[in-house]
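One file, my_file.cif, carrying mmCIF, C-alpha atoms:
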```
data_target
#
loop_
_atom_site.group_PDB
_atom_site.id
_atom_site.type_symbol
_atom_site.label_atom_id
_atom_site.label_comp_id
_atom_site.auth_asym_id
_atom_site.auth_seq_id
_atom_site.Cartn_x
_atom_site.Cartn_y
_atom_site.Cartn_z
ATOM 1 C CA MET A 1 -7.094 -24.274 -8.111
ATOM 2 C CA LYS A 2 -7.569 -20.717 -9.424
ATOM 3 C CA LYS A 3 -6.087 -19.460 -12.682
ATOM 4 C CA VAL A 4 -4.154 -16.215 -12.135
ATOM 5 C CA PHE A 5 -2.685 -13.989 -14.827
ATOM 6 C CA ILE A 6 -0.242 -11.170 -14.037
ATOM 7 C CA ASP A 7 -0.454 -8.532 -16.756
ATOM 8 C CA GLY A 8 2.798 -6.591 -16.529
ATOM 9 C CA SER A 9 4.963 -9.256 -14.917
ATOM 10 C CA GLU A 10 8.216 -7.584 -16.011
ATOM 11 C CA GLY A 11 7.878 -4.547 -13.717
ATOM 12 C CA THR A 12 9.073 -4.280 -10.111
ATOM 13 C CA THR A 13 5.793 -5.352 -8.486
ATOM 14 C CA GLY A 14 4.888 -7.849 -11.213
ATOM 15 C CA LEU A 15 8.214 -9.661 -11.071
ATOM 16 C CA LYS A 16 8.136 -9.897 -7.292
ATOM 17 C CA LEU A 17 4.543 -11.085 -7.286
ATOM 18 C CA LYS A 18 5.236 -13.735 -9.933
ATOM 19 C CA ARG A 19 8.181 -15.141 -7.973
ATOM 20 C CA ARG A 20 6.164 -15.240 -4.786
ATOM 21 C CA LEU A 21 3.187 -17.036 -6.324
ATOM 22 C CA GLN A 22 5.217 -19.725 -8.069
ATOM 23 C CA GLY A 23 4.827 -23.039 -6.282
ATOM 24 C CA ARG A 24 1.437 -22.264 -4.695
ATOM 25 C CA ASP A 25 -0.672 -25.433 -4.804
ATOM 26 C CA ASP A 26 -3.908 -23.468 -5.143
ATOM 27 C CA ILE A 27 -2.849 -21.253 -8.070
ATOM 28 C CA GLU A 28 -2.153 -21.941 -11.722
ATOM 29 C CA LEU A 29 -0.135 -19.036 -13.108
ATOM 30 C CA LEU A 30 -1.040 -18.235 -16.686
ATOM 31 C CA SER A 31 1.746 -16.739 -18.761
ATOM 32 C CA ILE A 32 2.417 -15.320 -22.207
ATOM 33 C CA ASP A 33 5.539 -16.116 -24.174
ATOM 34 C CA ARG A 34 8.027 -13.329 -23.432
ATOM 35 C CA ALA A 35 8.150 -12.342 -27.100
ATOM 36 C CA LYS A 36 4.349 -11.906 -27.136
ATOM 37 C CA ARG A 37 3.847 -10.150 -23.798
ATOM 38 C CA LYS A 38 2.822 -6.896 -25.527
ATOM 39 C CA ASN A 39 0.561 -8.633 -28.013
ATOM 40 C CA ILE A 40 -2.973 -7.384 -27.320
ATOM 41 C CA ASP A 41 -4.703 -10.531 -28.603
ATOM 42 C CA GLU A 42 -2.580 -12.729 -26.322
ATOM 43 C CA ARG A 43 -3.286 -10.495 -23.331
ATOM 44 C CA ILE A 44 -7.026 -10.527 -24.027
ATOM 45 C CA LYS A 45 -6.927 -14.307 -24.257
ATOM 46 C CA MET A 46 -5.119 -14.684 -20.914
ATOM 47 C CA ILE A 47 -7.233 -12.116 -19.067
ATOM 48 C CA ASN A 48 -10.431 -13.879 -20.066
ATOM 49 C CA ALA A 49 -9.011 -17.347 -19.362
ATOM 50 C CA SER A 50 -8.152 -16.336 -15.802
ATOM 51 C CA ASP A 51 -10.189 -16.381 -12.631
ATOM 52 C CA ILE A 52 -8.190 -13.402 -11.379
ATOM 53 C CA THR A 53 -5.961 -11.016 -13.320
ATOM 54 C CA VAL A 54 -3.511 -8.787 -11.462
ATOM 55 C CA LEU A 55 -2.627 -5.618 -13.355
ATOM 56 C CA CYS A 56 0.929 -4.367 -12.757
ATOM 57 C CA LEU A 57 0.774 -1.661 -15.395
ATOM 58 C CA PRO A 58 0.790 2.130 -15.754
ATOM 59 C CA ASP A 59 -2.578 3.826 -15.299
ATOM 60 C CA ALA A 60 -3.569 4.143 -18.962
ATOM 61 C CA ALA A 61 -2.579 0.548 -19.698
ATOM 62 C CA SER A 62 -4.571 -0.678 -16.687
ATOM 63 C CA ILE A 63 -7.690 1.139 -17.855
ATOM 64 C CA GLU A 64 -7.220 -0.403 -21.293
ATOM 65 C CA ALA A 65 -6.716 -3.881 -19.799
ATOM 66 C CA VAL A 66 -9.996 -3.642 -17.867
ATOM 67 C CA SER A 67 -11.755 -2.901 -21.159
ATOM 68 C CA PHE A 68 -10.455 -6.238 -22.475
ATOM 69 C CA VAL A 69 -12.578 -8.219 -19.979
ATOM 70 C CA GLN A 70 -15.273 -10.167 -21.813
ATOM 71 C CA ASN A 71 -15.804 -12.947 -19.264
ATOM 72 C CA ASN A 72 -17.871 -11.556 -16.379
ATOM 73 C CA ARG A 73 -16.425 -14.185 -14.060
ATOM 74 C CA VAL A 74 -12.963 -12.562 -14.140
ATOM 75 C CA LYS A 75 -11.844 -10.608 -11.077
ATOM 76 C CA ILE A 76 -9.336 -7.779 -11.507
ATOM 77 C CA ILE A 77 -6.802 -6.582 -8.925
ATOM 78 C CA ASP A 78 -5.281 -3.337 -10.184
ATOM 79 C CA CYS A 79 -1.928 -2.228 -8.742
ATOM 80 C CA SER A 80 -1.947 1.131 -10.546
ATOM 81 C CA THR A 81 -3.433 4.401 -9.299
ATOM 82 C CA ALA A 82 -6.162 4.345 -11.954
ATOM 83 C CA HIS A 83 -9.083 3.010 -9.907
ATOM 84 C CA ARG A 84 -8.232 3.691 -6.273
ATOM 85 C CA THR A 85 -10.831 6.409 -5.806
ATOM 86 C CA ASN A 86 -13.429 4.880 -8.132
ATOM 87 C CA PRO A 87 -16.530 4.068 -6.018
ATOM 88 C CA ASP A 88 -17.248 1.049 -8.225
ATOM 89 C CA TRP A 89 -13.977 -0.540 -7.117
ATOM 90 C CA ALA A 90 -13.207 -2.047 -3.701
ATOM 91 C CA TYR A 91 -10.331 -0.275 -1.962
ATOM 92 C CA GLY A 92 -7.828 -2.947 -1.030
ATOM 93 C CA PHE A 93 -7.011 -2.252 2.613
ATOM 94 C CA PRO A 94 -9.149 -4.806 4.487
ATOM 95 C CA GLU A 95 -7.999 -3.763 7.956
ATOM 96 C CA LEU A 96 -9.587 -0.307 7.755
ATOM 97 C CA ALA A 97 -13.071 -1.624 8.570
ATOM 98 C CA PRO A 98 -15.138 -4.826 8.147
ATOM 99 C CA SER A 99 -16.937 -3.203 5.194
ATOM 100 C CA PHE A 100 -13.621 -2.924 3.321
ATOM 101 C CA ARG A 101 -12.840 -6.619 3.814
ATOM 102 C CA GLU A 102 -16.318 -7.693 2.722
ATOM 103 C CA ALA A 103 -16.180 -5.478 -0.369
ATOM 104 C CA ILE A 104 -12.840 -7.027 -1.351
ATOM 105 C CA LYS A 105 -14.236 -10.543 -0.963
ATOM 106 C CA GLU A 106 -17.349 -9.809 -2.992
ATOM 107 C CA SER A 107 -16.094 -7.403 -5.665
ATOM 108 C CA LYS A 108 -14.816 -8.286 -9.118
ATOM 109 C CA ARG A 109 -12.844 -5.035 -9.205
ATOM 110 C CA ILE A 110 -10.259 -4.405 -6.488
ATOM 111 C CA ALA A 111 -7.770 -1.521 -6.330
ATOM 112 C CA LEU A 112 -4.459 -2.049 -4.543
ATOM 113 C CA PRO A 113 -3.624 0.995 -2.354
ATOM 114 C CA GLY A 114 -0.521 3.098 -2.910
ATOM 115 C CA CYS A 115 2.372 2.449 -0.528
ATOM 116 C CA TYR A 116 2.401 5.875 1.134
ATOM 117 C CA ALA A 117 -1.398 5.924 1.145
ATOM 118 C CA SER A 118 -1.469 2.596 2.983
ATOM 119 C CA GLY A 119 0.550 3.988 5.870
ATOM 120 C CA PHE A 120 -1.376 7.253 5.853
ATOM 121 C CA ASN A 121 -4.870 5.778 5.709
ATOM 122 C CA ALA A 122 -4.051 3.234 8.412
ATOM 123 C CA ILE A 123 -3.606 6.260 10.695
ATOM 124 C CA VAL A 124 -6.084 8.828 9.397
ATOM 125 C CA TYR A 125 -9.119 6.768 8.367
ATOM 126 C CA PRO A 126 -9.879 5.493 11.918
ATOM 127 C CA LEU A 127 -9.298 8.956 13.428
ATOM 128 C CA VAL A 128 -11.771 10.660 11.091
ATOM 129 C CA LYS A 129 -14.289 7.815 11.221
ATOM 130 C CA ALA A 130 -14.362 7.939 15.030
ATOM 131 C CA GLY A 131 -14.626 11.730 15.089
ATOM 132 C CA ILE A 132 -11.261 12.156 16.851
ATOM 133 C CA ILE A 133 -10.111 14.626 14.223
ATOM 134 C CA ALA A 134 -12.357 16.654 11.941
ATOM 135 C CA PRO A 135 -12.423 16.034 8.173
ATOM 136 C CA ASP A 136 -10.990 19.530 7.683
ATOM 137 C CA TYR A 137 -8.070 19.057 10.105
ATOM 138 C CA PRO A 138 -4.915 20.523 8.445
ATOM 139 C CA ILE A 139 -2.991 17.252 8.209
ATOM 140 C CA THR A 140 0.721 17.140 7.490
ATOM 141 C CA CYS A 141 2.288 13.837 6.470
ATOM 142 C CA TYR A 142 6.052 13.293 6.451
ATOM 143 C CA ALA A 143 7.324 10.040 4.916
ATOM 144 C CA ILE A 144 10.504 8.294 3.816
ATOM 145 C CA SER A 145 10.913 5.312 1.504
ATOM 146 C CA GLY A 146 13.599 3.005 0.206
ATOM 147 C CA TYR A 147 14.525 3.564 -3.422
ATOM 148 C CA THR A 148 12.847 0.363 -4.682
ATOM 149 C CA GLY A 149 9.609 2.340 -4.550
ATOM 150 C CA ALA A 150 10.876 4.432 -7.478
ATOM 151 C CA GLY A 151 10.389 1.675 -10.070
ATOM 152 C CA LYS A 152 12.891 0.181 -12.520
ATOM 153 C CA LYS A 153 14.368 3.476 -13.702
ATOM 154 C CA GLY A 154 14.701 4.810 -10.169
ATOM 155 C CA ILE A 155 16.321 1.605 -8.931
ATOM 156 C CA ALA A 156 18.821 1.669 -11.805
ATOM 157 C CA GLN A 157 19.670 5.274 -10.964
ATOM 158 C CA TYR A 158 20.623 4.266 -7.426
ATOM 159 C CA GLU A 159 22.462 1.061 -8.309
ATOM 160 C CA ILE A 160 24.825 2.233 -11.056
ATOM 161 C CA VAL A 161 28.460 2.484 -9.989
ATOM 162 C CA ASP A 162 29.143 6.024 -11.189
ATOM 163 C CA ARG A 163 26.070 7.669 -9.730
ATOM 164 C CA SER A 164 25.387 11.221 -8.624
ATOM 165 C CA ARG A 165 26.572 12.200 -5.127
ATOM 166 C CA GLU A 166 23.116 13.634 -4.507
ATOM 167 C CA LEU A 167 21.779 10.097 -4.197
ATOM 168 C CA ASP A 168 23.912 9.487 -1.101
ATOM 169 C CA ALA A 169 21.484 11.526 1.012
ATOM 170 C CA PRO A 170 17.680 11.570 1.386
ATOM 171 C CA ARG A 171 15.873 13.553 -1.319
ATOM 172 C CA GLN A 172 12.546 15.265 -0.796
ATOM 173 C CA TYR A 173 10.235 15.221 -3.795
ATOM 174 C CA ALA A 174 6.621 15.957 -4.858
ATOM 175 C CA LEU A 175 7.524 19.603 -4.277
ATOM 176 C CA SER A 176 4.471 20.774 -6.225
ATOM 177 C CA GLN A 177 2.198 19.028 -3.699
ATOM 178 C CA GLU A 178 0.663 16.966 -6.510
ATOM 179 C CA HIS A 179 1.843 13.480 -5.540
ATOM 180 C CA LYS A 180 -0.239 10.752 -7.191
ATOM 181 C CA HIS A 181 -1.203 9.192 -3.825
ATOM 182 C CA LEU A 182 -2.841 12.375 -2.552
ATOM 183 C CA LYS A 183 -6.144 11.575 -4.259
ATOM 184 C CA GLU A 184 -6.686 8.399 -2.246
ATOM 185 C CA MET A 185 -5.158 9.949 0.889
ATOM 186 C CA THR A 186 -7.933 12.542 0.652
ATOM 187 C CA ALA A 187 -10.801 10.392 -0.636
ATOM 188 C CA ILE A 188 -10.601 7.252 1.501
ATOM 189 C CA PRO A 189 -10.784 9.022 4.911
ATOM 190 C CA ALA A 190 -13.260 11.524 3.359
ATOM 191 C CA LEU A 191 -11.066 14.538 4.138
ATOM 192 C CA GLU A 192 -12.308 17.998 3.262
ATOM 193 C CA ARG A 193 -8.786 19.440 3.065
ATOM 194 C CA VAL A 194 -6.016 17.888 0.977
ATOM 195 C CA PRO A 195 -3.108 16.890 3.271
ATOM 196 C CA PHE A 196 0.300 18.521 3.064
ATOM 197 C CA PHE A 197 2.563 15.661 1.997
ATOM 198 C CA ALA A 198 6.374 15.634 2.204
ATOM 199 C CA PRO A 199 7.796 12.306 0.921
ATOM 200 C CA HIS A 200 11.513 11.474 0.748
ATOM 201 C CA ILE A 201 13.390 8.797 -1.165
ATOM 202 C CA CYS A 202 16.518 7.465 0.515
ATOM 203 C CA ASP A 203 19.612 5.385 -0.217
ATOM 204 C CA TYR A 204 18.442 1.992 1.024
ATOM 205 C CA ARG A 205 16.381 -0.649 -0.769
ATOM 206 C CA TYR A 206 13.322 -1.575 1.293
ATOM 207 C CA GLY A 207 11.243 0.067 3.987
ATOM 208 C CA MET A 208 8.968 2.970 4.683
ATOM 209 C CA VAL A 209 7.941 5.180 7.601
ATOM 210 C CA VAL A 210 4.841 7.356 7.284
ATOM 211 C CA SER A 211 4.297 9.944 10.040
ATOM 212 C CA VAL A 212 1.279 12.093 10.910
ATOM 213 C CA PRO A 213 1.717 14.664 13.737
ATOM 214 C CA LEU A 214 -1.279 16.003 15.647
ATOM 215 C CA PHE A 215 -1.771 19.000 17.916
ATOM 216 C CA ALA A 216 -3.900 17.784 20.809
ATOM 217 C CA ASP A 217 -5.749 21.085 21.189
ATOM 218 C CA MET A 218 -6.909 20.879 17.546
ATOM 219 C CA MET A 219 -8.468 17.424 17.901
ATOM 220 C CA GLU A 220 -12.242 17.097 18.045
ATOM 221 C CA LYS A 221 -11.807 14.611 20.883
ATOM 222 C CA ARG A 222 -8.666 15.519 22.767
ATOM 223 C CA MET A 223 -6.713 12.406 23.704
ATOM 224 C CA THR A 224 -3.365 11.593 25.284
ATOM 225 C CA PRO A 225 -0.819 9.366 23.531
ATOM 226 C CA GLY A 226 -1.857 6.516 25.840
ATOM 227 C CA GLU A 227 -5.520 6.936 24.975
ATOM 228 C CA LEU A 228 -4.744 7.064 21.261
ATOM 229 C CA GLN A 229 -2.646 3.915 21.543
ATOM 230 C CA GLN A 230 -5.577 2.145 23.196
ATOM 231 C CA PHE A 231 -7.912 3.432 20.466
ATOM 232 C CA PHE A 232 -5.746 2.060 17.657
ATOM 233 C CA ALA A 233 -5.140 -1.214 19.520
ATOM 234 C CA ALA A 234 -8.908 -1.710 19.736
ATOM 235 C CA HIS A 235 -9.454 -0.704 16.107
ATOM 236 C CA TYR A 236 -6.895 -3.218 14.807
ATOM 237 C CA ALA A 237 -7.538 -5.925 17.416
ATOM 238 C CA GLY A 238 -7.199 -9.405 15.929
ATOM 239 C CA GLU A 239 -5.518 -8.193 12.749
ATOM 240 C CA PRO A 240 -2.394 -10.303 12.052
ATOM 241 C CA ILE A 241 -0.906 -7.869 9.532
ATOM 242 C CA VAL A 242 -1.431 -4.429 11.119
ATOM 243 C CA LYS A 243 0.103 -4.419 14.601
ATOM 244 C CA VAL A 244 -0.296 -1.638 17.137
ATOM 245 C CA ARG A 245 2.726 -1.334 19.422
ATOM 246 C CA GLU A 246 2.695 -0.521 23.104
ATOM 247 C CA LEU A 247 3.460 3.024 24.176
ATOM 248 C CA HIS A 248 7.237 3.753 24.220
ATOM 249 C CA HIS A 249 7.907 0.758 21.966
ATOM 250 C CA SER A 250 10.727 2.563 20.171
ATOM 251 C CA ASP A 251 13.669 3.979 22.073
ATOM 252 C CA ASN A 252 13.987 7.523 20.641
ATOM 253 C CA MET A 253 14.363 6.432 17.008
ATOM 254 C CA ILE A 254 12.302 4.548 14.417
ATOM 255 C CA GLY A 255 14.350 2.854 11.695
ATOM 256 C CA ALA A 256 12.818 2.826 8.236
ATOM 257 C CA ASN A 257 14.325 -0.468 7.038
ATOM 258 C CA ASN A 258 13.444 -2.734 9.994
ATOM 259 C CA PHE A 259 10.519 -4.300 8.128
ATOM 260 C CA ALA A 260 12.504 -5.108 4.982
ATOM 261 C CA LYS A 261 11.162 -8.199 3.178
ATOM 262 C CA ARG A 262 8.179 -8.440 5.514
ATOM 263 C CA ASP A 263 4.490 -8.071 4.676
ATOM 264 C CA ASP A 264 3.154 -6.693 7.938
ATOM 265 C CA MET A 265 2.823 -3.144 9.208
ATOM 266 C CA GLU A 266 3.251 -1.616 12.637
ATOM 267 C CA LEU A 267 1.575 1.460 14.028
ATOM 268 C CA GLU A 268 3.112 3.405 16.893
ATOM 269 C CA VAL A 269 2.032 6.415 18.953
ATOM 270 C CA ASN A 270 4.622 8.741 20.495
ATOM 271 C CA GLY A 271 4.882 12.354 21.652
ATOM 272 C CA ASN A 272 3.358 14.089 24.662
ATOM 273 C CA ASP A 273 0.022 15.472 25.800
ATOM 274 C CA GLU A 274 0.349 18.529 23.516
ATOM 275 C CA ARG A 275 1.989 17.147 20.358
ATOM 276 C CA ILE A 276 1.385 13.574 19.289
ATOM 277 C CA LEU A 277 3.248 11.667 16.569
ATOM 278 C CA ILE A 278 1.634 8.636 14.931
ATOM 279 C CA THR A 279 3.738 6.486 12.612
ATOM 280 C CA THR A 280 3.382 3.395 10.472
ATOM 281 C CA ARG A 281 6.366 1.317 9.420
ATOM 282 C CA PHE A 282 6.379 -1.368 6.712
ATOM 283 C CA ASP A 283 8.126 -2.545 3.549
ATOM 284 C CA ASN A 284 7.178 -0.436 0.536
ATOM 285 C CA LEU A 285 7.278 -3.627 -1.581
ATOM 286 C CA GLY A 286 5.542 -5.731 1.101
ATOM 287 C CA LYS A 287 2.360 -4.315 2.633
ATOM 288 C CA GLY A 288 2.990 -1.431 0.238
ATOM 289 C CA ALA A 289 2.907 -3.569 -2.936
ATOM 290 C CA SER A 290 3.303 -7.322 -3.619
ATOM 291 C CA GLY A 291 2.495 -8.419 -0.067
ATOM 292 C CA ALA A 292 -0.737 -6.455 -0.151
ATOM 293 C CA ALA A 293 -1.520 -7.908 -3.596
ATOM 294 C CA ILE A 294 -1.121 -11.450 -2.246
ATOM 295 C CA GLN A 295 -3.413 -10.648 0.688
ATOM 296 C CA LEU A 296 -6.037 -9.299 -1.742
ATOM 297 C CA LEU A 297 -5.591 -12.330 -3.981
ATOM 298 C CA ASN A 298 -6.206 -14.631 -0.995
ATOM 299 C CA LEU A 299 -9.383 -12.742 -0.114
ATOM 300 C CA ALA A 300 -10.582 -12.702 -3.723
ATOM 301 C CA MET A 301 -9.970 -16.462 -3.987
ATOM 302 C CA GLY A 302 -11.839 -17.159 -0.761
ATOM 303 C CA VAL A 303 -8.744 -18.557 0.979
ATOM 304 C CA GLU A 304 -9.570 -19.023 4.660
ATOM 305 C CA ASP A 305 -6.190 -17.690 5.825
ATOM 306 C CA GLU A 306 -5.648 -14.332 4.135
ATOM 307 C CA THR A 307 -1.992 -14.344 5.298
ATOM 308 C CA LYS A 308 -1.131 -17.411 3.190
ATOM 309 C CA GLY A 309 2.146 -16.813 1.365
ATOM 310 C CA LEU A 310 3.009 -13.756 3.447
ATOM 311 C CA THR A 311 6.079 -13.160 5.616
ATOM 312 C CA LEU A 312 5.082 -11.773 9.000
ATOM 313 C CA GLY A 313 7.224 -10.825 11.978
ATOM 314 C CA ASP A 314 6.522 -10.445 15.695
#
```
Just dump the structure as structure tokens.
Amino acid sequence: MKKVFIDGSEGTTGLKLKRRLQGRDDIELLSIDRAKRKNIDERIKMINASDITVLCLPDAASIEAVSFVQNNRVKIIDCSTAHRTNPDWAYGFPELAPSFREAIKESKRIALPGCYASGFNAIVYPLVKAGIIAPDYPITCYAISGYTGAGKKGIAQYEIVDRSRELDAPRQYALSQEHKHLKEMTAIPALERVPFFAPHICDYRYGMVVSVPLFADMMEKRMTPGELQQFFAAHYAGEPIVKVRELHHSDNMIGANNFAKRDDMELEVNGNDERILITTRFDNLGKGASGAAIQLLNLAMGVEDETKGLTLGD
């Protein structure tokens, strides 16, 4: 049985993760009295008593928490953006390549990917790695998310009775093109040009669609939608969490909330021989947050089945 401490268990991801881990027969959840949860000495004590600490904190607080580690046995899984592009940390998307999974298993420092970045890198990393698109391809990414991805304050804004009418429709944000996920969206696939990113938050709770369009004549290796589908199917073959759909899987529309309360992700290729659309669909709090954290926890613990405790669909 492994001792696990969640530092920041009152936030959206921390609360969900805590609920989901309760009752596991291979985990002892360490906890601080609610009145002492901000007490530094208590946090230091719990971090160093744990086998694995999961940080569900803002960036600065996560960096501080890592500095509290005195026991070199402790593994850290950080859910913030603070360490996602740090080469000394394992990037927590094991399906990208065998080297990612091995690094997660062996490392004592693991960074949980951002939700949008998970969908983006699932598409772009294999394409760049295989030389299908060049690292300087001018990538545009269009994405929509349920409002639970906005954190406690954002959720409250959507769920109050007398709310603004503006919240009834999708809202585009990150207008300055400085979204916090762009660093890992650029670094992990080793892009030479920062992507253009247009995310939207919408009036539903759970679910995310991340889309990357490609012009076939700008690809390094020109491929048809069918050939790209076969490429992704081979890349993710045997992966129970990332599922590549057959061509024409969706009938004209892709719903963003179909994967609500699930921990898997699907990848789909559509379009025609000139303009190709690649999409990923998943729950922003599943494979985009607590579900991914549980998968990383399983790998860090050496659990044989890395899907233990996850909810997967067909």
Task: Selection result of the PyMOL selection byres ((chain A and resi 244) around 12) on this file, as an NGL selection string - done: :A and (122-123 or 228-243 or 245-249 or 264-270 or 278-281 or 314)
Task: Nearest residue to A:Glu10 from the set A:Cys141, A:Val194, A:Ala90, A:Lys152 (distances using all atoms listed in the file) - done: A:Lys152
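Remark: for A:Leu285, the closest of the candidate residues A:Tyr91, A:Phe100, A:Phe197, A:Tyr206 is A:Tyr206 (distances computed over all atoms listed in the file).
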Open item on the list: Calculated over all atoms listed in the file, which of the candidates A:Gly286, A:Gly151, A:Pro87, A:Gly23 has the smallest distance to A:Ala111?
Closed with: A:Pro87
Open item on the list: Once the PyMOL selection byres ((chain A and resi 299) around 12) has been evaluated on this model, what residues remain selected, and can you format them as a VMD selection string?
Closed with: chain A and resid 52 75 77 90 92 to 94 100 to 108 110 292 to 298 300 to 308
